[in-house]
Structures are given as C-alpha cells and as structure tokens.
Amino acid sequence: MNQNFEPKIIAFLCNWCSYAALDLAGTSRMKYPPNFLVVRVMCSGRVDPQFVLEAFRRGADGVLVAGCHPGDCHYIEGNIKTLRRMTLLKRMLEEFGIEKERFRLEWISAAEADKFVKVANEMFEQIKALGPLKLKEVNTHE
Amino acid sequence: MNKPKIALYWCASCGGCEEAQVDLAEKILDLVNLVDIVFWPVAMDYKLEDVEKLPDGSITASLINGGIRLSEHEYVVKLLRKKSKLVVAYGACSAWGGVPGLANLYSREEILKYVYHEAPTVENPQKIQPQLKIKAEEGATLELPEVFPRLLPLDLVVDVDYYIPGCPPTPDVTWKAIETLLSGNLPAKGSVLGALDKSLCYDCPLNETKPEKVLIKDIKRPHEVIADPSKCLLTQGLMCLGPVTRGGCGALCIKAAMPCTGCFGPLNEVMDYGGKAASYFASIIDYSDEEEIKKVLGKILDPMGIFYRYSLPASRLRGKITVMRR
C-alpha cells in the first residue's frame, strides 16, 4: 500500500438527506477524511450512471452516491430510480474492471451524520488499500 | 468536367457497410455520374499507391467504416485524412467502435490465445500463431500488420468531420448523407449526417401504442416471446433501446417485431450511450425492493453486450480499464 496515495472520491449527495447529514457531521465536529469532493444534487435520482462513469474517467478513485432512505424521498421515488439504475451500473462497472469497493450507493438520512462518517471512513480505507485507479485517456495506439 | 472525388475504405468491420453501399442499387449509377470513386478496395482495382500519388486535399470526402485495430488501418486512415477535404466515419464501428469494439473487454494476448489456441473449433497442434515478420524459405521477408492492444473509433486516431450512423447505415441514410456532402451546404463539423436529431420512438410506427409511462415487471428476450407487432415492444417486456437511440433508420427492426439494439447510436447530448441506455432501462423496472430489482435485472445476462453493443470504445472508459491502461 502506497502511504502517500490520497484517493480522490466524488460524492453525489442529495440535498434533502445525505448532504444535510454531511453538514451535521461538520457542525457536530465529527471527523472524516478530506478526500471526498462533494457534488450536491437535488435528488439522488438526478445522478445519471453517465456521471459516475465520467467521474472515473476524469480521475476519481472512488464514487459515492447517497440519498434518502427508500420511502423518504422528497420527490417520492427518485431514490428508487437510483436504486434500479445503480444496481445495473454496479454489474457494468465490474465488467469495466472497476473494483466494487470503488463505487457505493448508500441511504443516509439528515440525522445520520455518524453513518456518513462511517461510510466515508470505510470507503477511504478500502480505496487507499486498492491504490489509484490509474485511468489514462487514450487517443493513439502508442 | 472535374467531378468530386470520393474514397471508400474499410477497417475493423464485417463488410456489412460495403454491402449497404452496394444496396444503393440503381442509385450507385447516379453516384458514379456525380463523383469519381478513387479508392474502394472491396469493389475497384485502385491500389494504395494510387492514393499515395494523389495531391493532398484532392479527395472531396473519404467515407471510412470499421474501427482502428491494425497498424495498417492507422496508416491508411492517416493517409486518407491527408488526401481528403472531409473525413466521414461511416457506420457504427467507425463512429463508436461497433461490435468488434466489445473486444476492448479483453487484452490482445487473451484474444490471440483464444482465437489461435483455445476456441473449440480450433485445431492447432503446432501452436502456430501469426508473426509480424518472417523470413520465407525463398529468402523474402513477409510482413503482417500489427494488431493494436485495443480498438479505437476513427475520431481518436484522425480528425473526423462527420458521422453516418448505423450497423450498417441504411441505403436511404447513405444517400441522404452523400447528397448533403455534395451539396456544398455543409452542417457544423461533428454533425451526424442522414439521420434524425430525435429518438427512434419519434419515427416508430408503434409510438402511438406506447403508454405515457412505461413500466415493466419482467424482461423478455426475443426468443422467449412471440411479439405482437402492433404494440410497443417495450410494453411487451422486450428490451427496446429505441427511446435512447437516434432515429432515422425507418424503424426497420421494429417493423419486423424485433426490438431496437441501438445501432444508430446516441443522441446529440449523450456522452456515454451505454450508461444512458442502462439508466433508462433500469428505471422502468417496476419494483422498489432491491432483491426483486436484482432478480429482474439479472435476466440481462450480458449488460455490456446489450448496452454497449455498438459503442464500447467510444464510452467514457473505452473498455476494461486494465486493457485501456498503458
């Protein structure tokens, strides 16, 4: 394991639950790794699988998608659509050769700051152990 | 009168694109009245050295099909780029990698090992495998082009002006595209020629039978069901990729009760066809429970082959990452 490797992890967090959980973690002075680059979305249903693929292509070592618990979606069923999409995406990422620890879908409510911190720590540790994704753009055959 | 010059070439493809060009039928006579074809290996006896002798930029348009897999492909497309005013990616393989592009899920070594040694139909006790160079008994050196580690769509190897979609492009699409190319009234660089800017559903004769909200409980593979040809195929559980695929093909498959497999590729705003198609298709599965969702999606045995059938090398990740890493 490369001790100097600092993973870059993109976190798509929904405005109503998971982003609020992150906020709560901050105001409660809980500690989590600073390697998460947060993209706040209005609903986890906004996260197209294309965004996840684009994140990996642009150098992310891991991607976290988090939304409200099933049944709690501000838009009724946006997170259910995410569940369907990400279930399929997970299988495809595996075929792309991306280890399953690098992509996670989690339900984190606005009160679950501790869950956010736990997920963030776990992901950080696992991806640090895996090492960088090392994806480079190819445009020639050299 | 000096007619515009056209070149047609094939790279890693199946020959179906040539078939489609020949399927212009009588129109091919109109075509030769309008243009001089200066290079067309499948049908005409011009050699590569004839192309090399042409002045730079003297070919009006080169229509290139197939992905770039061999050093020979790279050499010829770079040559055609130099000799042509316009380079057009003709067909799915050239535009996005096509079916041969699915090989980007495997390394070159795995592919060669399978093809020459392990495939059940292969008998090769002497373990012969093609070499780049061999010295023949008569003293001559024989050379073969190199197989590249991965297949790339044309636009990752040379600058591409336009795209003609399809596997293969239909004669109608081909003709429309050629008319556009010869009209002198050229669309913006990077445009798709001969097809629509709307999805296949817009063009589909079954569109009226598509409900406002499509939800399905089960996925059917084409051999598992005798489809009702008068009803939207999606509502019958068939995996039709029409909603995310560019229209303009005339809905030929749908008219034969076969679901769209996506050969006209992505619409303009889509950056990863497979990601988009998987997103759309997963979201219409009518279950909320994770296990049920997994069970239904499990009926898609080969998601990469379904959603990236024509576009893996043009996807965000371009193939299996161990294959794409240098």
# chains A, B, ... in the order shown; residues from 1 in each chain; ligands from 1
>>> closest_atom_pairs(of="chain A", to="chain B", cutoff="7 Å", atoms="only C-alpha atoms", output="Markdown table")
| residue | atom | partner | partner_atom | distance |
| --- | --- | --- | --- | --- |
| A:Asp48 | CA | B:Ser279 | CA | 6.6 |
| A:Pro49 | CA | B:Gly275 | CA | 5.4 |
| A:Gln50 | CA | B:Gly275 | CA | 5.0 |
| A:Leu53 | CA | B:Arg316 | CA | 6.1 |
| A:Glu54 | CA | B:Arg316 | CA | 6.0 |
| A:Arg57 | CA | B:Leu317 | CA | 5.8 |
| A:Ile80 | CA | B:Ser288 | CA | 6.0 |
| A:Lys81 | CA | B:Ser283 | CA | 5.1 |
| A:Arg84 | CA | B:Ala282 | CA | 5.3 |
| A:Arg85 | CA | B:Ala282 | CA | 5.0 |
| A:Thr87 | CA | B:Lys294 | CA | 6.9 |
| A:Leu88 | CA | B:Ala282 | CA | 6.7 |
| A:Met92 | CA | B:Met304 | CA | 6.4 |
| A:Glu95 | CA | B:Lys320 | CA | 6.8 |
| A:Phe96 | CA | B:Lys320 | CA | 4.2 |
| A:Gly97 | CA | B:Lys320 | CA | 5.4 |
| A:Leu135 | CA | B:Arg325 | CA | 6.2 |
| A:Lys136 | CA | B:Arg325 | CA | 6.3 |
| A:Asn139 | CA | B:Leu156 | CA | 4.8 |
| A:Thr140 | CA | B:Val157 | CA | 5.8 |
| A:His141 | CA | B:Phe148 | CA | 6.7 |
>>> residues_around(residues="Thr261 in chain B", least_positions_apart="5", cutoff="8 Å", atoms="only C-alpha atoms", output="list in words")
Cys240, Leu241, Gly242, Ile306 and Arg309 of chain B
>>> write_last_selection(atoms="C-alpha atoms", output="short mmCIF file (atom, residue, chain, number, x, y, z; two decimals), in the first residue's frame")
data_model
loop_
_atom_site.label_atom_id
_atom_site.label_comp_id
_atom_site.auth_asym_id
_atom_site.auth_seq_id
_atom_site.Cartn_x
_atom_site.Cartn_y
_atom_site.Cartn_z
CA CYS B 240 -36.09 -1.97 -26.99
CA LEU B 241 -33.40 0.74 -26.92
CA GLY B 242 -35.45 3.00 -29.20
CA ILE B 306 -26.62 -5.17 -24.68
CA ARG B 309 -23.13 -3.32 -28.30
#
>>> select_by_dssp(residues="range 82-115 of chain A", states="helix (DSSP H, G or I)", output="JSON, numbers by chain")
{"A": [82, 83, 84, 85, 86, 87, 88, 89, 90, 91, 92, 93, 94, 95, 100, 101, 102, 113, 114, 115]}
>>> closest_atom_pairs(of="range 95-212 of chain B", to="range 247-253 of chain B", cutoff="12 Å", atoms="only C-alpha atoms", output="CSV")
residue,atom,partner,partner_atom,distance
B:Ile164,CA,B:Gly248,CA,10.7
B:Pro165,CA,B:Cys249,CA,9.0
B:Gly166,CA,B:Cys249,CA,7.6
B:Cys167,CA,B:Cys249,CA,9.9
B:Pro168,CA,B:Cys249,CA,9.9
B:Pro169,CA,B:Cys249,CA,7.7
B:Thr170,CA,B:Cys249,CA,6.6
B:Pro171,CA,B:Cys249,CA,9.6
B:Asp172,CA,B:Cys249,CA,8.2
B:Val173,CA,B:Cys249,CA,7.2
B:Thr174,CA,B:Cys249,CA,10.5
B:Lys176,CA,B:Gly248,CA,10.6
B:Ala177,CA,B:Gly248,CA,11.6
B:Val192,CA,B:Gly248,CA,10.8
B:Leu193,CA,B:Gly248,CA,10.0
B:Gly194,CA,B:Gly248,CA,7.4
B:Ala195,CA,B:Gly248,CA,4.4
B:Leu196,CA,B:Gly248,CA,4.9
B:Asp197,CA,B:Gly247,CA,7.1
B:Lys198,CA,B:Gly247,CA,5.8
B:Ser199,CA,B:Gly247,CA,4.7
B:Leu200,CA,B:Gly247,CA,3.8
B:Cys201,CA,B:Gly247,CA,7.3
B:Tyr202,CA,B:Gly247,CA,7.2
B:Asp203,CA,B:Gly247,CA,6.3
B:Cys204,CA,B:Ala251,CA,5.7
B:Pro205,CA,B:Ala251,CA,7.6
B:Leu206,CA,B:Ala251,CA,9.5
B:Asn207,CA,B:Ala251,CA,10.7
>>> residues_around(residues="Lys82 in chain B", least_positions_apart="6", cutoff="12 Å", atoms="only C-alpha atoms", output="MDAnalysis selection string")
chainID B and resid 51:62 75:76 158:160
>>> residues_around(residues="range 7-9 of chain A", least_positions_apart="4", cutoff="8 Å", atoms="only C-alpha atoms", output="list in words")
Asn35, Phe36, Leu37, Gly59, Ala60, Asp61, Gly62, Val63, Leu64, Phe124, Ile127, Lys128, Gly131 and Pro132 of chain A
>>> write_last_selection(atoms="N, CA and C atoms", output="short mmCIF file (atom, residue, chain, number, x, y, z; two decimals), in the first residue's frame")
data_model
loop_
_atom_site.label_atom_id
_atom_site.label_comp_id
_atom_site.auth_asym_id
_atom_site.auth_seq_id
_atom_site.Cartn_x
_atom_site.Cartn_y
_atom_site.Cartn_z
N ASN A 35 -10.89 13.58 1.69
CA ASN A 35 -10.71 13.17 0.29
C ASN A 35 -12.00 13.16 -0.52
N PHE A 36 -13.10 13.53 0.14
CA PHE A 36 -14.39 13.49 -0.57
C PHE A 36 -14.68 14.84 -1.22
N LEU A 37 -14.87 14.81 -2.54
CA LEU A 37 -15.27 16.02 -3.25
C LEU A 37 -16.77 15.92 -3.45
N GLY A 59 -10.61 10.79 -13.41
CA GLY A 59 -9.58 10.61 -12.40
C GLY A 59 -10.06 10.32 -11.00
N ALA A 60 -11.36 10.08 -10.81
CA ALA A 60 -11.81 9.71 -9.47
C ALA A 60 -11.32 8.30 -9.15
N ASP A 61 -10.94 8.09 -7.89
CA ASP A 61 -10.56 6.74 -7.47
C ASP A 61 -11.75 6.01 -6.86
N GLY A 62 -12.79 6.77 -6.52
CA GLY A 62 -14.00 6.17 -5.98
C GLY A 62 -15.17 7.12 -6.16
N VAL A 63 -16.38 6.57 -6.16
CA VAL A 63 -17.58 7.40 -6.28
C VAL A 63 -18.60 6.92 -5.26
N LEU A 64 -19.15 7.87 -4.51
CA LEU A 64 -20.22 7.57 -3.57
C LEU A 64 -21.49 8.29 -4.03
N PHE A 124 -12.73 5.32 2.34
CA PHE A 124 -11.37 5.86 2.28
C PHE A 124 -10.34 4.77 2.51
N ILE A 127 -10.31 2.16 -0.45
CA ILE A 127 -9.75 2.66 -1.70
C ILE A 127 -8.26 2.95 -1.54
N LYS A 128 -7.89 3.40 -0.37
CA LYS A 128 -6.46 3.61 -0.12
C LYS A 128 -5.70 2.29 -0.26
N GLY A 131 -5.37 1.34 -3.98
CA GLY A 131 -4.46 2.16 -4.77
C GLY A 131 -5.19 2.95 -5.84
N PRO A 132 -4.45 3.78 -6.58
CA PRO A 132 -5.11 4.63 -7.58
C PRO A 132 -5.71 3.82 -8.74
#
>>> atom_distance(atom1="CA of Glu212 in chain B", atom2="CA of Pro243 in chain B")
12.7 Å
>>> closest_residue(among="B:Leu238, B:Leu48, B:Val22, B:Leu112", to="Lys299 in chain B", atoms="only C-alpha atoms")
B:Leu238
>>> select_by_dssp(residues="chain A", states="strand (DSSP E or B)", output="ChimeraX atom specification")
/A:9-14,36-41,62-67,103-107
>>> write_last_selection(atoms="C-alpha atoms", output="short mmCIF file (atom, residue, chain, number, x, y, z; two decimals), in the first residue's frame")
data_model
loop_
_atom_site.label_atom_id
_atom_site.label_comp_id
_atom_site.auth_asym_id
_atom_site.auth_seq_id
_atom_site.Cartn_x
_atom_site.Cartn_y
_atom_site.Cartn_z
CA ILE A 9 -13.52 10.30 -4.08
CA ILE A 10 -16.50 12.02 -5.66
CA ALA A 11 -19.64 12.05 -3.50
CA PHE A 12 -23.00 12.81 -5.08
CA LEU A 13 -25.19 13.73 -2.12
CA CYS A 14 -28.88 14.55 -2.20
CA PHE A 36 -14.39 13.49 -0.57
CA LEU A 37 -15.27 16.02 -3.25
CA VAL A 38 -18.95 16.67 -2.76
CA VAL A 39 -21.42 17.36 -5.53
CA ARG A 40 -24.77 18.36 -4.08
CA VAL A 41 -27.71 17.27 -6.20
CA GLY A 62 -14.00 6.17 -5.98
CA VAL A 63 -17.58 7.40 -6.28
CA LEU A 64 -20.22 7.57 -3.57
CA VAL A 65 -23.88 8.16 -4.35
CA ALA A 66 -26.06 8.80 -1.31
CA GLY A 67 -29.72 9.66 -0.96
CA PHE A 103 -18.44 2.54 -6.02
CA ARG A 104 -21.07 2.72 -3.29
CA LEU A 105 -24.72 3.56 -3.06
CA GLU A 106 -25.90 4.42 0.46
CA TRP A 107 -29.05 5.70 2.11
#
>>> residues_around(residues="Tyr9 in chain B", least_positions_apart="2", cutoff="7 Å", atoms="only C-alpha atoms", output="list in words")
Ala7, Cys11, Trp40, Pro41, Leu63, Ile64 and Asn65 of chain B
>>> write_last_selection(atoms="N, CA and C atoms", output="mmCIF file, in the first residue's frame")
data_model
loop_
_atom_site.group_PDB
_atom_site.id
_atom_site.type_symbol
_atom_site.label_atom_id
_atom_site.label_comp_id
_atom_site.auth_asym_id
_atom_site.auth_seq_id
_atom_site.Cartn_x
_atom_site.Cartn_y
_atom_site.Cartn_z
ATOM 1 N N ALA B 7 -13.478 8.579 -51.697
ATOM 2 C CA ALA B 7 -12.783 7.333 -51.382
ATOM 3 C C ALA B 7 -13.597 6.574 -50.338
ATOM 4 N N CYS B 11 -12.012 -0.700 -42.287
ATOM 5 C CA CYS B 11 -11.024 -1.067 -41.271
ATOM 6 C C CYS B 11 -11.550 -2.313 -40.555
ATOM 7 N N TRP B 40 -11.671 2.131 -53.479
ATOM 8 C CA TRP B 40 -12.770 1.345 -52.899
ATOM 9 C C TRP B 40 -12.359 -0.123 -52.944
ATOM 10 N N PRO B 41 -11.528 -0.541 -52.007
ATOM 11 C CA PRO B 41 -10.900 -1.871 -52.098
ATOM 12 C C PRO B 41 -11.877 -3.012 -52.347
ATOM 13 N N LEU B 63 -15.100 8.171 -47.010
ATOM 14 C CA LEU B 63 -16.053 7.513 -46.121
ATOM 15 C C LEU B 63 -15.369 6.256 -45.583
ATOM 16 N N ILE B 64 -15.077 6.261 -44.286
ATOM 17 C CA ILE B 64 -14.302 5.164 -43.705
ATOM 18 C C ILE B 64 -15.184 4.381 -42.746
ATOM 19 N N ASN B 65 -15.261 3.076 -42.957
ATOM 20 C CA ASN B 65 -16.006 2.252 -41.995
ATOM 21 C C ASN B 65 -15.044 1.371 -41.217
#
>>> closest_residue(among="A:Ala55, A:Cys43, A:Leu83, A:Ala25", to="Ala120 in chain A", atoms="only C-alpha atoms")
A:Ala25
>>> residues_around(residues="Ala89 in chain B", least_positions_apart="4", cutoff="6 Å", atoms="only C-alpha atoms", output="list in words")
Ile64, Ser94, Ala95 and Tyr163 of chain B
>>> closest_residue(among="B:Ala103, B:Ile178, B:Leu80, B:Ala140", to="Asp30 in chain B", atoms="only C-alpha atoms")
B:Ile178
>>> atom_distance(atom1="CA of Ile6 in chain B", atom2="CA of Cys263 in chain B")
24.7 Å
